[in-house]
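*Asks:* Contents are compact mmCIF, C-alpha atoms; file name query.txt:
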```txt
# COMPACT_ATOMS: atom_id res chain seq x y z
CA MET A 1 -2.78 -4.11 -25.74
CA SER A 2 -0.49 -7.15 -25.83
CA ASN A 3 2.57 -4.90 -25.39
CA GLN A 4 1.16 -3.25 -22.28
CA ASN A 5 3.16 -3.54 -19.06
CA PHE A 6 1.29 -4.34 -15.87
CA PHE A 7 2.75 -3.51 -12.48
CA VAL A 8 1.20 -6.12 -10.16
CA ASN A 9 3.51 -7.03 -7.25
CA LYS A 10 5.58 -3.90 -7.76
CA PHE A 11 5.94 -0.72 -5.76
CA LEU A 12 5.40 2.81 -7.03
CA TYR A 13 7.17 5.78 -5.50
CA PHE A 14 5.67 9.20 -6.20
CA LEU A 15 8.27 11.51 -7.77
CA ASP A 16 6.58 14.92 -7.47
CA LYS A 17 8.25 16.94 -4.72
CA ASN A 18 5.19 19.13 -4.00
CA THR A 19 4.69 18.57 -0.26
CA GLU A 20 1.04 19.61 -0.60
CA ASP A 21 0.25 16.71 -2.93
CA PHE A 22 -1.60 13.80 -1.28
CA PHE A 23 0.90 11.32 -2.73
CA HIS A 24 4.07 13.21 -1.68
CA ASP A 25 6.68 10.65 -0.53
CA SER A 26 4.18 7.79 -0.95
CA LEU A 27 5.13 4.21 -1.66
CA ILE A 28 2.27 2.17 -3.09
CA TYR A 29 2.09 -1.60 -3.47
CA ILE A 30 0.12 -2.62 -6.57
CA PHE A 31 -2.29 -5.50 -5.95
CA GLU A 32 -4.13 -5.36 -9.24
CA HIS A 33 -3.35 -3.86 -12.65
CA ASP A 34 -4.86 -4.83 -15.97
CA GLN A 35 -6.56 -3.27 -18.98
CA ASN A 36 -9.44 -2.15 -16.73
CA GLY A 37 -7.33 -0.15 -14.27
CA ALA A 38 -5.21 -0.57 -11.15
CA LEU A 39 -5.54 -0.86 -7.38
CA GLY A 40 -2.87 -0.29 -4.75
CA ILE A 41 -2.38 0.61 -1.09
CA ILE A 42 0.02 3.22 0.32
CA ILE A 43 2.24 1.28 2.71
CA ASN A 44 4.41 4.01 4.24
CA LYS A 45 1.86 6.42 5.76
CA THR A 46 -0.36 6.01 8.78
CA ILE A 47 -3.33 7.81 10.22
CA ASP A 48 -3.86 8.47 13.90
CA ILE A 49 -6.40 5.70 14.36
CA GLY A 50 -5.48 2.53 16.20
CA GLU A 51 -6.79 -0.96 15.61
CA ASP A 52 -8.69 -0.88 18.90
CA LYS A 53 -10.81 2.03 17.67
CA ILE A 54 -11.72 0.09 14.51
CA PHE A 55 -12.57 -3.04 16.49
CA ASN A 56 -14.75 -1.00 18.87
CA SER A 57 -16.54 0.79 16.02
CA LEU A 58 -17.36 -2.60 14.47
CA ASN A 59 -18.48 -4.02 17.85
CA ILE A 60 -15.75 -6.63 17.71
CA GLU A 61 -14.24 -7.70 21.00
CA SER A 62 -10.45 -7.71 20.93
CA LEU A 63 -7.70 -9.00 23.17
CA LYS A 64 -6.87 -6.34 25.74
CA ASN A 65 -3.16 -7.21 25.87
CA LYS A 66 -2.79 -7.25 22.08
CA SER A 67 -0.35 -4.63 20.79
CA GLN A 68 -2.20 -1.96 18.84
CA LYS A 69 -0.98 -0.63 15.52
CA ASN A 70 -2.04 2.54 13.76
CA LEU A 71 -3.84 2.05 10.47
CA LEU A 72 -2.23 2.76 7.12
CA ASN A 73 -3.57 5.66 5.11
CA GLY A 74 -4.14 3.39 2.12
CA GLY A 75 -5.23 6.08 -0.32
CA PRO A 76 -7.88 8.64 -1.21
CA VAL A 77 -10.51 6.22 -2.58
CA ASP A 78 -13.17 4.64 -0.33
CA ILE A 79 -11.73 6.21 2.81
CA ASP A 80 -14.51 4.66 4.87
CA LYS A 81 -13.52 1.11 3.86
CA LEU A 82 -11.14 -1.12 5.80
CA PHE A 83 -8.59 -3.26 3.96
CA ILE A 84 -6.30 -5.93 5.36
CA ILE A 85 -2.89 -6.51 3.78
CA HIS A 86 -1.64 -9.92 4.85
CA ASP A 87 0.52 -12.91 4.01
CA SER A 88 -1.87 -15.78 4.81
CA ASP A 89 -3.86 -17.99 2.48
CA ASP A 90 -7.46 -16.82 2.55
CA LYS A 91 -10.17 -17.74 0.08
CA GLU A 92 -11.74 -14.27 0.39
CA SER A 93 -8.53 -12.44 -0.55
CA LEU A 94 -7.01 -11.01 -3.67
CA CYS A 95 -3.79 -13.05 -3.64
CA VAL A 96 -0.81 -11.83 -5.61
CA LYS A 97 1.53 -14.62 -6.71
CA ASN A 98 4.83 -14.27 -4.80
CA GLY A 99 3.42 -11.12 -3.22
CA LEU A 100 1.00 -9.77 -0.65
CA ASN A 101 -2.70 -10.49 -0.22
CA LEU A 102 -5.58 -8.05 0.20
CA THR A 103 -9.03 -8.49 1.68
CA SER A 104 -11.81 -6.59 3.41
CA SER A 105 -13.30 -9.74 4.95
CA MET A 106 -14.96 -9.25 8.34
CA ASN A 107 -13.93 -12.81 9.23
CA VAL A 108 -10.28 -11.84 8.88
CA VAL A 109 -10.85 -8.66 10.95
CA LYS A 110 -12.53 -10.73 13.70
CA ASN A 111 -9.68 -13.26 13.66
CA ILE A 112 -7.13 -10.45 13.99
CA ALA A 113 -9.03 -8.93 16.93
CA SER A 114 -9.35 -12.26 18.73
CA GLY A 115 -5.73 -13.24 18.15
CA LYS A 116 -6.69 -16.21 15.95
CA PHE A 117 -5.11 -14.76 12.80
CA LYS A 118 -1.70 -16.40 12.47
CA GLY A 119 -0.22 -14.42 9.61
CA LYS A 120 1.39 -11.02 9.37
CA TYR A 121 -0.91 -8.14 8.53
CA LYS A 122 -1.50 -4.41 8.35
CA LEU A 123 -4.85 -2.63 8.34
CA ALA A 124 -5.49 0.24 5.94
CA ILE A 125 -8.26 2.74 5.38
CA GLY A 126 -8.87 3.59 1.72
CA TYR A 127 -6.97 2.64 -1.40
CA CYS A 128 -5.45 4.09 -4.56
CA GLY A 129 -7.28 3.45 -7.80
CA TRP A 130 -6.65 4.22 -11.45
CA ASP A 131 -9.00 3.96 -14.43
CA SER A 132 -8.06 2.07 -17.57
CA GLY A 133 -4.76 3.38 -18.93
CA GLN A 134 -4.44 6.10 -16.26
CA LEU A 135 -1.58 4.54 -14.31
CA ASP A 136 0.27 3.70 -17.53
CA GLU A 137 0.01 7.33 -18.62
CA GLU A 138 1.19 8.63 -15.23
CA ILE A 139 4.20 6.29 -15.32
CA ALA A 140 4.98 7.36 -18.91
CA ASN A 141 4.90 10.98 -17.66
CA ASN A 142 7.42 10.11 -14.92
CA SER A 143 5.00 10.71 -12.05
CA TRP A 144 5.88 7.33 -10.53
CA PHE A 145 9.12 5.41 -10.11
CA VAL A 146 8.51 1.65 -10.46
CA ILE A 147 10.37 -0.59 -8.00
CA GLU A 148 10.70 -4.37 -8.13
CA HIS A 149 11.45 -5.73 -4.68
CA ALA A 150 10.21 -8.64 -2.57
CA PRO A 151 7.36 -7.18 -0.48
CA ASN A 152 7.89 -8.99 2.85
CA PHE A 153 9.60 -5.96 4.40
CA VAL A 154 6.17 -4.28 4.56
CA PHE A 155 5.41 -6.30 7.70
CA GLU A 156 8.88 -6.07 9.23
CA LEU A 157 9.45 -2.31 9.27
CA ASN A 158 7.80 0.72 10.80
CA VAL A 159 6.40 3.03 8.14
CA GLU A 160 9.08 5.69 8.70
CA GLU A 161 11.79 3.07 8.02
CA ILE A 162 10.41 1.91 4.65
CA ILE A 163 11.81 4.58 2.29
CA PRO A 164 15.30 4.57 3.89
CA TYR A 165 15.32 0.75 3.78
CA LEU A 166 14.35 0.59 0.10
CA SER A 167 16.83 3.37 -0.72
CA LYS A 168 19.62 1.35 0.87
CA GLU A 169 18.50 -1.83 -0.91
CA LEU A 170 18.41 -0.04 -4.27
CA GLY A 171 21.70 1.80 -3.73
CA TYR A 172 20.30 5.33 -4.11
CA ASP A 173 18.06 7.67 -2.14
CA LEU A 174 14.51 7.53 -3.50
CA ARG A 175 13.83 10.97 -2.06
CA GLN A 176 16.55 12.45 -4.30
CA ILE A 177 15.10 11.22 -7.60
CA LEU A 178 13.55 14.04 -9.58
CA ASN A 179 10.68 13.88 -12.03
CA SER A 180 12.23 14.60 -15.45
CA LYS A 181 9.50 17.12 -16.19
CA ASP A 182 10.78 19.17 -13.24
CA THR A 183 14.44 18.94 -14.24
CA THR A 184 13.92 19.97 -17.86
CA LYS A 185 11.90 23.12 -17.23
CA HIS A 186 13.68 26.29 -18.39
```
As structure tokens, please, write out the structure in this file.
*Replies:*
Amino acid sequence: MSNQNFFVNKFLYFLDKNTEDFFHDSLIYIFEHDQNGALGIIINKTIDIGEDKIFNSLNIESLKNKSQKNLLNGGPVDIDKLFIIHDSDDKESLCVKNGLNLTSSMNVVKNIASGKFKGKYKLAIGYCGWDSGQLDEEIANNSWFVIEHAPNFVFELNVEEIIPYLSKELGYDLRQILNSKDTTKH
């Protein structure tokens, strides 16, 4: 196991071009990856639920003049659970060195609603999870393209701008990369 690569603080772009696949055109930030499995959040897809609806459903009073963002569709696991991606120090968060932080703390949600949260954030419903060795196998099978890039742009861009931005930063269009299994079929 000492030769195993872990992909914490990296992005994964799904290479399969099947538009029916849940992960089609998804970019996932990896918060945790070790010998036990991996956890990430899709950062370039939203669902048609605004923050205000979440605050109301949790009986949390929010600022009326606060701009409302749609939630990220974080992934197909625990789709009834709220996650907060943020850049602030928080003792209840999974903090990635030189990366993003992740929590599901109700204190953080309440601080966001009341305007007391001073950091940048995005709310997500659900997450992406892999069992031990599963992500490594999928990457070895060219299902995912691994991208190393500073993650701060996640807070600066609208979701529809993320793939074009990364493509420009990398110097090639991510949407044009083909899974080698697809290109070698005869």
*Asks:* Quick one: residues within 9 Å of segment 20-23 of chain A, all atoms listed in the file, excluding same-chain residues fewer than 5 positions away - as a list in words?
*Replies:*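 Contacts, in chain order: Tyr13, Phe14, Leu15, Ile42, Gly75 and Pro76 of chain A.
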*Asks:* Would you mind listing what lies within 6 Å of Asp87 of chain A as a ChimeraX atom specification, with all atoms listed in the file counted and same-chain residues fewer than 6 positions away left out?
*Replies:* /A:100-101,119-120
*Asks:* Those same residues, written as a CSV table (one decimal), keeping the file's coordinate frame with C-alpha atoms?
*Replies:*
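Generated file (part-v5.csv):
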```csv
chain,number,residue,atom,x,y,z
A,100,LEU,CA,1.0,-9.8,-0.6
A,101,ASN,CA,-2.7,-10.5,-0.2
A,119,GLY,CA,-0.2,-14.4,9.6
A,120,LYS,CA,1.4,-11.0,9.4
```
*Asks:* Counting all atoms listed in the file, find residues at most 12 Å from (-7.5, -10.9, -2.9) (file frame) and give them as a list of chain:residue names.
*Replies:*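 It turns out the residues near that spot are A:Ile30, A:Phe31, A:Glu32, A:Leu39, A:Gly40, A:Phe83, A:Ile84, A:Ile85, A:His86, A:Asp87, A:Ser88, A:Asp89, A:Asp90, A:Lys91, A:Glu92, A:Ser93, A:Leu94, A:Cys95, A:Val96, A:Lys97, A:Gly99, A:Leu100, A:Asn101, A:Leu102, A:Thr103, A:Ser104, A:Ser105.
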*Asks:* What's the 12 Å shell around Leu82 of chain A, counting all atoms listed in the file, without same-chain residues fewer than 2 positions away, as a VMD selection string?
*Replies:* chain A and resid 41 49 51 54 to 55 57 to 58 71 to 75 77 to 80 84 to 85 102 to 106 108 to 109 122 to 127
*Asks:* Could you work out how far atom CA of Asn44 of chain A lies from atom CA of Ser26 of chain A, giving the answer in Å with one decimal?
*Replies:*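 Going from atom CA of Ser26 of chain A over to atom CA of Asn44 of chain A covers 6.4 Å.
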*Asks:* How far is it from atom CA of Ser143 of chain A to atom CA of Asn179 of chain A, in Å with one decimal?
*Replies:*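 Atom CA of Ser143 of chain A sits 6.5 Å away from atom CA of Asn179 of chain A.
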*Asks:* What gap, in Å, lies between atom CA of Ala38 of chain A and atom CA of Cys128 of chain A?
*Replies:* 8.1 Å
*Asks:* As a ChimeraX atom specification, please: the residues near Leu157 of chain A (cut-off 12 Å, all atoms listed in the file, same-chain neighbours under 4 positions excluded).
*Replies:* /A:43-44,120-122,151-153,161-166
*Asks:* Taking all atoms of segment 137-147 of chain A that appear in the file, build a box with edges along x, y and z, extend it by 3 Å on every side, and state its centre and edge lengths in Å to one decimal, as lines of an AutoDock Vina configuration file.
*Replies:*
```
center_x = 5.2
center_y = 5.2
center_z = -13.5
size_x = 16.4
size_y = 17.6
size_z = 16.9
```
*Asks:* Counting all atoms listed in the file, which of A:Lys168, A:Lys69, A:His149, A:His33 gets nearest to Ile112 of chain A?
*Replies:*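 When distances to Ile112 of chain A are compared using all atoms listed in the file, the smallest one comes from A:Lys69.
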*Asks:* Nearest to Ile60 of chain A: which of A:Asn111, A:His24, A:Leu12, A:Lys81 is it, counting only C-alpha atoms?
*Replies:* A:Asn111
*Asks:* Go through A:Phe7, A:Gly171, A:Trp130, A:Gln176 one by one, measure the shortest atom-to-atom distance of each to Val146 of chain A using all atoms listed in the file, and give the residue with the smallest value.
*Replies:*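 Among the listed residues, the smallest separation from Val146 of chain A belongs to A:Phe7.
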